[in-house]
Structure formats: C-alpha cells, structure tokens
$ cat entry21.csv   # CSV, C-alpha atoms and all ligand atoms
chain,number,residue,atom,x,y,z
A,1,MET,CA,0.0,0.0,0.0
A,2,GLY,CA,1.5,3.4,-1.0
A,3,ASN,CA,0.6,6.7,0.6
A,4,GLU,CA,-1.5,7.5,-2.4
A,5,SER,CA,-4.0,4.9,-1.2
A,6,ILE,CA,-4.5,6.5,2.3
A,7,ASN,CA,-7.4,8.9,2.4
A,8,TRP,CA,-6.3,11.1,5.3
A,9,ASP,CA,-9.7,12.7,5.6
A,10,LYS,CA,-11.4,9.3,6.1
A,11,LEU,CA,-9.1,7.9,8.8
A,12,GLY,CA,-10.8,6.8,12.0
A,13,PHE,CA,-9.4,4.6,14.7
A,14,ASP,CA,-9.2,1.3,12.9
A,15,TYR,CA,-6.4,-1.3,12.6
A,16,ILE,CA,-4.3,-0.8,9.5
A,17,LYS,CA,-1.3,-3.0,8.9
A,18,THR,CA,1.7,-0.7,8.7
A,19,ASP,CA,5.1,-1.6,7.4
A,20,LYS,CA,7.2,-2.5,10.5
A,21,ARG,CA,6.8,-3.2,14.2
A,22,PHE,CA,9.4,-3.6,17.0
A,23,LEU,CA,9.7,-7.0,18.7
A,24,SER,CA,11.9,-8.1,21.7
A,25,THR,CA,11.7,-11.2,23.9
A,26,TRP,CA,12.7,-11.3,27.6
A,27,ARG,CA,14.3,-14.6,28.5
A,28,ASP,CA,17.0,-15.7,31.0
A,29,GLY,CA,16.5,-12.5,32.9
A,30,GLN,CA,16.9,-9.9,30.2
A,31,TRP,CA,15.5,-8.3,27.1
A,32,GLU,CA,17.1,-9.1,23.8
A,33,LYS,CA,18.1,-6.2,21.6
A,34,GLY,CA,15.0,-6.5,19.5
A,35,THR,CA,14.3,-6.0,15.8
A,36,LEU,CA,11.9,-4.4,13.4
A,37,THR,CA,9.8,-6.9,11.5
A,38,GLU,CA,7.2,-7.0,8.8
A,39,ASP,CA,5.4,-9.9,10.3
A,40,ASN,CA,2.3,-8.7,12.2
A,41,VAL,CA,1.3,-12.1,13.6
A,42,LEU,CA,2.7,-13.4,16.9
A,43,HIS,CA,3.3,-17.1,17.3
A,44,ILE,CA,3.0,-17.9,21.0
A,45,SER,CA,2.6,-20.9,23.3
A,46,GLU,CA,-1.0,-22.0,24.0
A,47,GLY,CA,0.0,-21.9,27.6
A,48,SER,CA,0.9,-18.1,27.6
A,49,THR,CA,-0.2,-16.3,30.7
A,50,ALA,CA,-1.4,-13.4,28.6
A,51,LEU,CA,-4.0,-15.7,27.1
A,52,HIS,CA,-5.3,-17.3,30.3
A,53,TYR,CA,-4.6,-15.0,33.2
A,54,GLY,CA,-4.5,-11.6,31.5
A,55,GLN,CA,-0.8,-11.1,32.3
A,56,GLN,CA,-0.2,-8.3,29.9
A,57,CYS,CA,-0.3,-4.5,29.7
A,58,PHE,CA,-0.2,-1.8,27.0
A,59,GLU,CA,0.3,1.8,26.3
A,60,GLY,CA,-1.0,4.4,23.8
A,61,LEU,CA,0.8,7.5,22.6
A,62,LYS,CA,0.9,9.5,19.4
A,63,ALA,CA,3.5,10.8,16.9
A,64,TYR,CA,2.5,14.1,15.4
A,65,ARG,CA,3.7,15.7,12.1
A,66,ALA,CA,4.6,19.1,13.3
A,67,LYS,CA,4.1,22.5,11.6
A,68,ASP,CA,7.8,22.7,10.7
A,69,GLY,CA,7.8,19.2,9.2
A,70,SER,CA,9.5,17.5,12.1
A,71,ILE,CA,8.0,14.6,14.0
A,72,ASN,CA,6.9,15.0,17.7
A,73,LEU,CA,6.3,12.4,20.3
A,74,PHE,CA,4.4,13.7,23.3
A,75,ARG,CA,5.9,12.8,26.7
A,76,PRO,CA,6.9,9.2,25.9
A,77,ASP,CA,8.9,9.1,29.1
A,78,GLN,CA,5.6,9.2,31.0
A,79,ASN,CA,4.2,6.3,29.0
A,80,ALA,CA,7.4,4.3,29.7
A,81,ALA,CA,7.1,5.1,33.4
A,82,ARG,CA,3.4,4.1,33.4
A,83,MET,CA,4.2,0.8,31.6
A,84,GLN,CA,6.8,0.1,34.3
A,85,ARG,CA,4.2,0.6,37.0
A,86,SER,CA,1.8,-1.7,35.1
A,87,CYS,CA,4.5,-4.3,34.8
A,88,THR,CA,5.3,-4.1,38.5
A,89,ARG,CA,1.6,-4.7,39.4
A,90,LEU,CA,1.4,-7.8,37.1
A,91,LEU,CA,4.7,-9.2,38.0
A,92,MET,CA,6.3,-8.6,34.6
A,93,PRO,CA,9.8,-7.3,33.8
A,94,HIS,CA,10.2,-3.5,33.2
A,95,VAL,CA,11.1,-2.2,29.8
A,96,PRO,CA,13.8,0.4,30.5
A,97,THR,CA,12.7,3.9,29.5
A,98,ASP,CA,15.5,4.3,26.9
A,99,MET,CA,14.6,1.0,25.3
A,100,PHE,CA,10.9,2.0,25.2
A,101,ILE,CA,11.5,5.4,23.7
A,102,GLU,CA,14.0,4.1,21.1
A,103,ALA,CA,11.6,1.4,20.1
A,104,CYS,CA,8.9,4.0,19.6
A,105,LYS,CA,11.2,6.2,17.5
A,106,ASP,CA,12.3,3.2,15.4
A,107,VAL,CA,8.7,2.3,14.7
A,108,VAL,CA,7.8,5.9,13.7
A,109,ARG,CA,10.8,6.2,11.4
A,110,ALA,CA,10.1,2.8,9.8
A,111,ASN,CA,6.5,3.8,9.1
A,112,GLU,CA,7.0,7.5,8.3
A,113,ARG,CA,4.8,7.3,5.2
A,114,PHE,CA,1.9,6.5,7.4
A,115,ILE,CA,2.1,9.7,9.5
A,116,PRO,CA,-0.9,11.9,8.6
A,117,PRO,CA,0.3,15.3,7.2
A,118,TYR,CA,0.3,18.4,9.3
A,119,GLY,CA,-3.1,20.1,9.1
A,120,THR,CA,-5.2,16.9,8.7
A,121,GLY,CA,-5.6,16.6,12.5
A,122,GLY,CA,-4.5,13.0,12.3
A,123,ALA,CA,-1.5,11.3,14.0
A,124,LEU,CA,0.4,8.1,14.1
A,125,TYR,CA,-0.9,6.1,17.1
A,126,LEU,CA,1.7,3.9,18.8
A,127,ARG,CA,0.7,0.8,20.7
A,128,PRO,CA,3.5,-0.6,22.9
A,129,PHE,CA,2.6,-3.8,24.9
A,130,VAL,CA,4.2,-6.4,27.1
A,131,ILE,CA,2.7,-10.0,27.2
A,132,GLY,CA,3.5,-13.1,29.3
A,133,VAL,CA,4.4,-16.0,26.9
A,134,GLY,CA,6.0,-19.4,27.0
A,135,ASP,CA,4.9,-22.9,28.1
A,136,ASN,CA,3.0,-22.7,31.4
A,137,ILE,CA,-0.3,-23.6,33.0
A,138,GLY,CA,-0.3,-22.6,36.7
A,139,VAL,CA,-1.3,-19.1,37.9
A,140,ARG,CA,2.2,-17.7,38.1
A,141,ALA,CA,4.4,-15.3,36.2
A,142,ALA,CA,5.3,-16.4,32.7
A,143,PRO,CA,8.8,-17.8,31.9
A,144,GLU,CA,9.2,-15.4,29.0
A,145,PHE,CA,7.7,-12.0,27.9
A,146,ILE,CA,7.3,-10.2,24.6
A,147,PHE,CA,7.6,-6.4,24.3
A,148,SER,CA,6.3,-5.0,21.0
A,149,VAL,CA,5.4,-1.7,19.5
A,150,PHE,CA,3.2,-1.3,16.5
A,151,CYS,CA,1.5,1.8,15.0
A,152,ILE,CA,-1.5,2.8,13.0
A,153,PRO,CA,-2.4,6.1,11.4
A,154,VAL,CA,-5.5,7.6,13.0
A,155,GLY,CA,-7.8,10.5,12.1
A,156,PRO,CA,-8.8,13.4,14.2
A,157,TYR,CA,-11.2,12.3,17.0
A,158,PHE,CA,-13.6,14.9,15.9
A,159,LYS,CA,-14.4,15.1,12.2
A,160,GLY,CA,-15.6,18.6,11.4
A,161,GLY,CA,-14.6,20.1,14.7
A,162,MET,CA,-14.8,19.5,18.4
A,163,LYS,CA,-18.4,19.0,19.7
A,164,PRO,CA,-19.9,17.8,23.0
A,165,HIS,CA,-21.0,14.3,23.7
A,166,ASN,CA,-23.4,12.9,26.3
A,167,PHE,CA,-22.4,10.1,28.7
A,168,VAL,CA,-24.2,7.8,31.0
A,169,ILE,CA,-23.3,6.6,34.5
A,170,SER,CA,-22.8,2.9,34.5
A,171,SER,CA,-24.0,0.6,37.3
A,172,TYR,CA,-21.0,-1.6,36.7
A,173,ASP,CA,-17.5,-1.2,38.2
A,174,ARG,CA,-14.4,-1.4,36.0
A,175,ALA,CA,-11.8,-1.9,38.8
A,176,ALA,CA,-11.7,-2.6,42.5
A,177,PRO,CA,-10.3,0.0,45.0
A,178,GLN,CA,-7.0,-1.9,45.6
A,179,GLY,CA,-7.2,-3.7,42.2
A,180,THR,CA,-5.7,-2.9,38.9
A,181,GLY,CA,-7.5,0.3,37.9
A,182,ALA,CA,-4.4,2.4,38.0
A,183,ALA,CA,-2.5,0.0,35.7
A,184,LYS,CA,-3.1,-0.1,32.0
A,185,VAL,CA,-3.9,-3.8,31.8
A,186,GLY,CA,-6.3,-5.7,29.5
A,187,GLY,CA,-8.5,-7.0,32.2
A,188,ASN,CA,-9.8,-3.5,33.0
A,189,TYR,CA,-10.8,-3.1,29.4
A,190,ALA,CA,-12.4,-6.5,29.1
A,191,ALA,CA,-14.6,-5.5,32.1
A,192,SER,CA,-15.6,-2.2,30.4
A,193,MET,CA,-16.7,-3.8,27.1
A,194,MET,CA,-20.2,-4.7,28.2
A,195,PRO,CA,-21.0,-1.4,30.0
A,196,GLY,CA,-19.5,0.5,27.0
A,197,ALA,CA,-21.6,-1.4,24.5
A,198,GLU,CA,-24.7,-0.8,26.6
A,199,ALA,CA,-24.0,2.9,26.8
A,200,LYS,CA,-23.6,3.1,23.1
A,201,LYS,CA,-26.7,1.1,22.4
A,202,ASN,CA,-28.6,3.6,24.4
A,203,GLY,CA,-27.3,6.5,22.4
A,204,PHE,CA,-24.4,7.7,24.6
A,205,ALA,CA,-20.8,8.2,23.7
A,206,ASP,CA,-19.6,5.9,26.5
A,207,ALA,CA,-20.1,4.8,30.1
A,208,ILE,CA,-18.9,6.8,33.2
A,209,TYR,CA,-17.7,4.7,36.1
A,210,LEU,CA,-18.3,5.7,39.7
A,211,ASP,CA,-15.9,4.8,42.6
A,212,PRO,CA,-16.4,1.1,43.2
A,213,LEU,CA,-16.6,1.5,47.0
A,214,THR,CA,-19.4,4.0,47.5
A,215,HIS,CA,-20.8,4.6,44.0
A,216,SER,CA,-21.1,8.3,44.8
A,217,LYS,CA,-18.1,9.8,43.0
A,218,ILE,CA,-17.1,10.0,39.3
A,219,GLU,CA,-13.9,8.1,38.5
A,220,GLU,CA,-13.4,7.5,34.8
A,221,VAL,CA,-15.1,8.3,31.5
A,222,GLY,CA,-14.9,5.2,29.3
A,223,SER,CA,-11.2,5.1,28.2
A,224,ALA,CA,-10.5,8.7,29.4
A,225,ASN,CA,-10.2,10.8,32.5
A,226,PHE,CA,-12.8,13.3,33.8
A,227,PHE,CA,-12.3,17.0,34.5
A,228,GLY,CA,-14.7,19.7,35.4
A,229,ILE,CA,-14.4,23.5,35.5
A,230,THR,CA,-16.2,25.1,38.4
A,231,HIS,CA,-18.1,28.4,38.3
A,232,ASP,CA,-15.2,30.0,40.1
A,233,ASP,CA,-12.7,28.7,37.5
A,234,GLN,CA,-11.2,25.7,39.3
A,235,PHE,CA,-10.0,22.7,37.3
A,236,ILE,CA,-11.1,19.6,39.2
A,237,THR,CA,-10.2,16.0,38.3
A,238,PRO,CA,-10.9,12.8,40.4
A,239,LYS,CA,-8.2,11.5,42.7
A,240,SER,CA,-8.6,7.7,43.3
A,241,PRO,CA,-6.4,4.6,43.4
A,242,SER,CA,-8.6,2.9,40.8
A,243,VAL,CA,-8.3,5.7,38.1
A,244,LEU,CA,-5.8,5.3,35.4
A,245,PRO,CA,-3.3,8.3,35.8
A,246,GLY,CA,-3.6,9.7,32.2
A,247,ILE,CA,-0.8,11.6,30.6
A,248,THR,CA,-3.3,14.0,29.0
A,249,ARG,CA,-4.8,14.6,32.4
A,250,LEU,CA,-1.4,15.2,33.9
A,251,SER,CA,-0.6,17.6,31.1
A,252,LEU,CA,-3.9,19.5,31.5
A,253,ILE,CA,-3.3,19.8,35.2
A,254,GLU,CA,-0.1,21.6,34.5
A,255,LEU,CA,-1.4,23.7,31.6
A,256,ALA,CA,-4.6,24.7,33.5
A,257,GLU,CA,-2.4,26.1,36.3
A,258,SER,CA,0.6,27.5,34.5
A,259,ARG,CA,-1.0,28.9,31.3
A,260,LEU,CA,-4.7,29.4,32.1
A,261,GLY,CA,-4.2,30.5,35.6
A,262,LEU,CA,-6.8,28.1,37.0
A,263,LYS,CA,-6.7,26.7,40.5
A,264,VAL,CA,-6.2,22.9,40.2
A,265,THR,CA,-7.7,20.3,42.6
A,266,GLU,CA,-7.4,16.6,42.5
A,267,GLY,CA,-10.2,15.5,44.6
A,268,GLU,CA,-13.7,14.0,44.9
A,269,VAL,CA,-16.3,14.6,42.2
A,270,PHE,CA,-19.6,13.7,43.8
A,271,ILE,CA,-22.3,12.7,41.3
A,272,ASP,CA,-24.9,14.7,43.2
A,273,LYS,CA,-22.8,17.9,43.1
A,274,LEU,CA,-22.5,18.3,39.3
A,275,ASP,CA,-24.0,21.8,39.6
A,276,GLN,CA,-20.7,23.1,40.7
A,277,PHE,CA,-19.3,22.8,37.2
A,278,LYS,CA,-19.9,25.2,34.3
A,279,GLU,CA,-18.0,22.9,31.9
A,280,ALA,CA,-16.8,19.3,31.9
A,281,GLY,CA,-14.7,17.1,29.7
A,282,ALA,CA,-13.1,13.7,29.1
A,283,CYS,CA,-9.4,13.7,28.3
A,284,GLY,CA,-7.0,11.1,26.9
A,285,THR,CA,-4.6,10.3,24.0
A,286,ALA,CA,-7.4,9.0,21.8
A,287,ALA,CA,-10.2,11.3,23.1
A,288,VAL,CA,-7.8,14.3,23.2
A,289,ILE,CA,-10.4,16.6,25.0
A,290,THR,CA,-14.0,15.6,24.5
A,291,PRO,CA,-16.4,18.1,25.9
A,292,ILE,CA,-19.1,16.5,28.0
A,293,GLY,CA,-22.5,17.9,27.0
A,294,GLY,CA,-24.4,16.1,29.6
A,295,ILE,CA,-24.3,13.1,32.0
A,296,SER,CA,-27.3,10.9,32.4
A,297,TYR,CA,-27.8,9.6,36.0
A,298,GLN,CA,-30.9,7.8,37.3
A,299,ASN,CA,-32.6,8.7,34.1
A,300,LYS,CA,-32.0,12.4,34.4
A,301,LEU,CA,-29.6,14.3,32.0
A,302,HIS,CA,-27.5,16.9,33.7
A,303,VAL,CA,-26.3,19.4,31.1
A,304,PHE,CA,-23.1,21.4,31.7
A,305,HIS,CA,-22.2,24.2,29.3
A,306,SER,CA,-24.3,23.1,26.4
A,307,GLU,CA,-25.2,19.9,24.5
A,308,THR,CA,-24.0,21.5,21.2
A,309,GLU,CA,-21.5,24.2,22.0
A,310,VAL,CA,-18.0,23.9,23.5
A,311,GLY,CA,-17.3,25.9,26.6
A,312,PRO,CA,-14.6,28.6,26.5
A,313,VAL,CA,-12.2,27.1,29.1
A,314,THR,CA,-12.4,23.6,27.4
A,315,GLN,CA,-11.7,25.3,24.1
A,316,ARG,CA,-8.6,27.1,25.5
A,317,LEU,CA,-7.3,23.9,27.0
A,318,TYR,CA,-7.8,22.1,23.7
A,319,LYS,CA,-5.9,24.8,21.8
A,320,GLU,CA,-3.0,24.8,24.2
A,321,LEU,CA,-2.6,21.0,24.3
A,322,THR,CA,-3.0,20.3,20.6
A,323,GLY,CA,-0.9,23.4,19.8
A,324,ILE,CA,2.0,21.9,21.8
A,325,GLN,CA,1.6,18.4,20.2
A,326,PHE,CA,1.6,19.8,16.6
A,327,GLY,CA,4.5,22.1,17.3
A,328,GLU,CA,2.5,25.4,17.0
A,329,ILE,CA,3.1,26.4,20.6
A,330,GLU,CA,6.2,25.9,22.7
A,331,GLY,CA,5.5,23.3,25.4
A,332,PRO,CA,7.1,23.0,28.8
A,333,ALA,CA,10.6,21.6,28.8
A,334,GLY,CA,10.9,17.9,27.9
A,335,TRP,CA,7.3,17.4,26.8
A,336,VAL,CA,8.0,17.2,23.0
A,337,VAL,CA,10.6,14.6,22.0
A,338,LYS,CA,11.7,14.8,18.4
A,339,VAL,CA,12.0,11.6,16.4
B,1,LIG,C1,-9.2,4.0,31.3
B,1,LIG,C2,-8.4,5.1,30.8
B,1,LIG,N1,-8.4,6.3,31.5
B,1,LIG,C3,-7.7,7.3,31.1
B,1,LIG,C4,-7.0,7.3,29.9
B,1,LIG,C5,-6.2,8.5,29.4
B,1,LIG,O1,-4.8,8.3,29.5
B,1,LIG,P1,-3.8,9.1,28.5
B,1,LIG,O2,-4.1,10.5,28.7
B,1,LIG,O3,-2.5,8.7,29.1
B,1,LIG,O4,-4.1,8.6,27.2
B,1,LIG,C6,-7.0,6.2,29.1
B,1,LIG,C7,-6.3,6.1,27.8
B,1,LIG,O5,-5.2,5.7,27.7
B,1,LIG,C8,-7.7,5.0,29.6
B,1,LIG,O6,-7.7,3.9,28.9
$ encode --input "entry21.csv" --output "structure tokens" --more "lines below"
Ligand SMILES: Cc1ncc(COP(=O)(O)O)c(C=O)c1O
Amino acid sequence: MGNESINWDKLGFDYIKTDKRFLSTWRDGQWEKGTLTEDNVLHISEGSTALHYGQQCFEGLKAYRAKDGSINLFRPDQNAARMQRSCTRLLMPHVPTDMFIEACKDVVRANERFIPPYGTGGALYLRPFVIGVGDNIGVRAAPEFIFSVFCIPVGPYFKGGMKPHNFVISSYDRAAPQGTGAAKVGGNYAASMMPGAEAKKNGFADAIYLDPLTHSKIEEVGSANFFGITHDDQFITPKSPSVLPGITRLSLIELAESRLGLKVTEGEVFIDKLDQFKEAGACGTAAVITPIGGISYQNKLHVFHSETEVGPVTQRLYKELTGIQFGEIEGPAGWVVKV
C-alpha cells in the first residue's frame, strides 16, 4: 500500500497493517536487543499467561507531524514510566525507559509514510505492549515475555470540529479499590466492554464509572479521565487509586495552572454535586479533549455548558494541548521529543 491509497480525511481509529513493528523477547532475565519486523502475527505458546490470566499491559501514545515538518512524540517518558508501574503490578519485567523510547522512535521512522500530514488533524498512534508468553499452566508469572510496539495512522477524534458528547453513569465497576484500575492492563478493558456497549446502544458516547466502594463519585469516562471547570474557575479531576493516571490529564493539570491561571484540585467529584461545574470534559490520548455535553444519571440528564457548543475554558485547554503536540506552541521543557 502506498501513501497514495490512504485517504487522510477518512481515517478513523481502525487497525491498518503498517510496514514495520518492533519486537523483543525477555528470557534468561533480560530483554534481547530487539528488531523491526514486517510480520504482524505473533506465534506464542498455547500456555501463555497473557491468554489465560491476563498477564499483559499496554500503552497508547501518538507521533505528530509538526508544523515545521519534524515529528513529535508527546511525553513518551511518561508512557514508559506508566508501563513500568503496570509491569510491577502484574509481576512482569520492566522495559527500560530508553529502550521504550528508542523502540517508539524506530517504529515511527520505519512507518514514516503513514504519519498523517500536518493540518489533517490525524496522528500516528503507537501501541506498545508487554505480554507473558512461553509454556506454562499454573497461575504464576510467565517464563518469557514479549515487548512489542506497532502503529496505525488515526484520524482526528472529531471530524468537522470539536463537539460535546453525552455520557451515562454505569452501574458496573471497571476496577476494585485496591485492584488494577491504575494499571493499563487488558482485564480493565475486558470489564468495560459490556457497559461500554450498553451505553452506546442507548445513544451515549460511553459509560462513566463511579468509585467502586461508594458509587457516589465520578472516576473514569470510558477510556478517558474526567475533568470539570467550576463556576469560580477551578479545574477539578478525580483522585482515586482505581483511576488510570492519564498523561493527558497530567498535562492539562499543568497547563490549566501555568497557562490558564486556574486553580487545580485533584479531589472527589460527587455525582450529586455536578451543579458546581460550568464545563466538563473527558481527556486522553485518543479522546484528546472531548467536551461532555451532559451526564445521564438515574434517568436524568445533567447538562453542563451546552449539548451543542464547546465551553470557552475547554476550548482554550484544547488549543493549548494540541498546539504543543503539533509544534505550533512551545511546550514546557521535555514534553515534546523529536523523532
Ligand atoms: C481507562 C483510561 N483512563 C484514562 C486514559 C487517558 O490516559 P492518557 O491521557 O495517558 O491517554 C486512558 C487512555 O489511555 C484510559 O484507557
């Protein structure tokens, strides 16, 4: 497939086989150097712990074609660190930060023709993952592991501009208080598929999960983090051990404070106190910033700024974040890593 066959305007978030992916195996206590390969099929033991016990984790980050033609990775060191925390939680070996970032860069370079051009709003989505493999049957850590990074070109999350979406509070939990919610592991996502499908069937963009212990506080918006802007201009985002610490969330916390002058609070977001917010949003690598029009809870829809218009603070956060990612605005030191 040549570039000429990619319609950049039609790209969504679908699997496309790109040219090369990085592959390394951990055995005898260390990662091998690793290689780029054209083969997109893994041949693994039927006893692999990843298949039976969910011993696996993954990451998601993007490479952006910047305004000046260079290629930007956005805070890959943070993805490396989060993957190390996920590996610790699931008894898997760490991928060192340098190895993680170099593998990402190698994959971007080897698939440069798939990077959506500047101005299309698309990006090259990178999917690093670690899986437990090798012959095994008991519930214990795998004898071997695979670390791989592949990529797909993805379109802008919003075709035709940013617009608000409605979400619904789920009665299901995605993760337990001392469970694996803060780790980016497949089991959390398997648990979210049914609630997510139900939400979509009922006309909502996705499910919102409440805290699993009391079901009174907002935790997570599908595969993204929640934030709200109060009437007195505070940026509030949930603090909980079962929320995935998003890198977009972390970045917005810093930008809200340093560039928009908002007071930032990581705290509790009670579902019966949504009136305090004039705007709300979901944030993540895929979702970027998705304005939340309304939240349906106990069959009532609570609307924030508007179901059709994007609030001004959300708009400014979006401009600042995407401006840094696409190299239009200078980011804080170390955020943008050139490929
Ligand atoms: C459950 C969940 N929460 C939050 C996020 C946002 O994280 P990030 O901003 O690092 O993409 C993601 C996406 O990766 C996610 O899957």
$ residues_around --input "entry21.csv" --residues "segment 200-203 of chain A" --least-positions-apart "4" --cutoff "10 Å" --atoms "all atoms listed in the file" --output "PyMOL selection string"
chain A and resi 166-168+194-196+207
$ residues_around --input "entry21.csv" --residues "segment 214-220 of chain A" --least-positions-apart "4" --cutoff "10 Å" --atoms "only C-alpha atoms" --output "PyMOL selection string"
chain A and resi 169-174+181+207-210+224-227+237-244+267-274+282-283
$ write_last_selection --input "entry21.csv" --atoms "C-alpha atoms" --output "CSV table (one decimal), in the coordinates of the input"
chain,number,residue,atom,x,y,z
A,169,ILE,CA,-23.3,6.6,34.5
A,170,SER,CA,-22.8,2.9,34.5
A,171,SER,CA,-24.0,0.6,37.3
A,172,TYR,CA,-21.0,-1.6,36.7
A,173,ASP,CA,-17.5,-1.2,38.2
A,174,ARG,CA,-14.4,-1.4,36.0
A,181,GLY,CA,-7.5,0.3,37.9
A,207,ALA,CA,-20.1,4.8,30.1
A,208,ILE,CA,-18.9,6.8,33.2
A,209,TYR,CA,-17.7,4.7,36.1
A,210,LEU,CA,-18.3,5.7,39.7
A,224,ALA,CA,-10.5,8.7,29.4
A,225,ASN,CA,-10.2,10.8,32.5
A,226,PHE,CA,-12.8,13.3,33.8
A,227,PHE,CA,-12.3,17.0,34.5
A,237,THR,CA,-10.2,16.0,38.3
A,238,PRO,CA,-10.9,12.8,40.4
A,239,LYS,CA,-8.2,11.5,42.7
A,240,SER,CA,-8.6,7.7,43.3
A,241,PRO,CA,-6.4,4.6,43.4
A,242,SER,CA,-8.6,2.9,40.8
A,243,VAL,CA,-8.3,5.7,38.1
A,244,LEU,CA,-5.8,5.3,35.4
A,267,GLY,CA,-10.2,15.5,44.6
A,268,GLU,CA,-13.7,14.0,44.9
A,269,VAL,CA,-16.3,14.6,42.2
A,270,PHE,CA,-19.6,13.7,43.8
A,271,ILE,CA,-22.3,12.7,41.3
A,272,ASP,CA,-24.9,14.7,43.2
A,273,LYS,CA,-22.8,17.9,43.1
A,274,LEU,CA,-22.5,18.3,39.3
A,282,ALA,CA,-13.1,13.7,29.1
A,283,CYS,CA,-9.4,13.7,28.3
$ residues_near_ligand --input "entry21.csv" --ligand "ligand LIG 1 (chain B)" --cutoff "8 Å" --atoms "only C-alpha atoms and all ligand atoms" --output "list in words"
Glu59, Gly60, Leu61, Asn79, Gly181, Lys184, Asn188, Tyr189, Glu220, Val221, Gly222, Ser223, Ala224, Asn225, Val243, Leu244, Pro245, Gly246, Ile247, Thr248, Arg249, Leu250, Cys283, Gly284, Thr285, Ala286, Ala287 and Val288 of chain A
$ closest_residue --input "entry21.csv" --among "A:Asp232, A:Glu46, A:Asp39, A:Glu144" --to "Leu91 of chain A" --atoms "only C-alpha atoms"
A:Glu144
$ closest_atom_pairs --input "entry21.csv" --of "segment 125-205 of chain A" --to "segment 5-12 of chain A" --cutoff "9 Å" --atoms "all atoms listed in the file" --output "JSON lines"
{"residue": "A:Pro153", "atom": "CA", "partner": "A:Leu11", "partner_atom": "CA", "distance": 7.4}
{"residue": "A:Val154", "atom": "CA", "partner": "A:Gly12", "partner_atom": "CA", "distance": 5.5}
{"residue": "A:Gly155", "atom": "CA", "partner": "A:Leu11", "partner_atom": "CA", "distance": 4.4}
{"residue": "A:Pro156", "atom": "CA", "partner": "A:Gly12", "partner_atom": "CA", "distance": 7.2}
{"residue": "A:Tyr157", "atom": "CA", "partner": "A:Gly12", "partner_atom": "CA", "distance": 7.4}
{"residue": "A:Lys159", "atom": "CA", "partner": "A:Asp9", "partner_atom": "CA", "distance": 8.5}
$ atom_distance --input "entry21.csv" --atom1 "atom CA of Val149 of chain A" --atom2 "atom CA of Lys33 of chain A"
13.6 Å
$ closest_residue --input "entry21.csv" --among "A:Ala63, A:Ala80, A:Val264, A:Ile115" --to "Asp98 of chain A" --atoms "only C-alpha atoms"
A:Ala80
$ closest_residue --input "entry21.csv" --among "A:Thr265, A:Gln234, A:Asn72, A:Gln178" --to "Tyr125 of chain A" --atoms "all atoms listed in the file"
A:Asn72
$ residues_around --input "entry21.csv" --residues "Phe277 of chain A" --least-positions-apart "3" --cutoff "7 Å" --atoms "all atoms listed in the file" --output "number ranges by chain"
A: 228-231, 274, 280, 304
$ closest_residue --input "entry21.csv" --among "A:Ile16, A:Ala66, A:Ala190, A:Val185" --to "Met92 of chain A" --atoms "all atoms listed in the file"
A:Val185
$ closest_residue --input "entry21.csv" --among "A:Lys300, A:Lys278, A:Arg21, A:Arg27" --to "Ile146 of chain A" --atoms "only C-alpha atoms"
A:Arg27
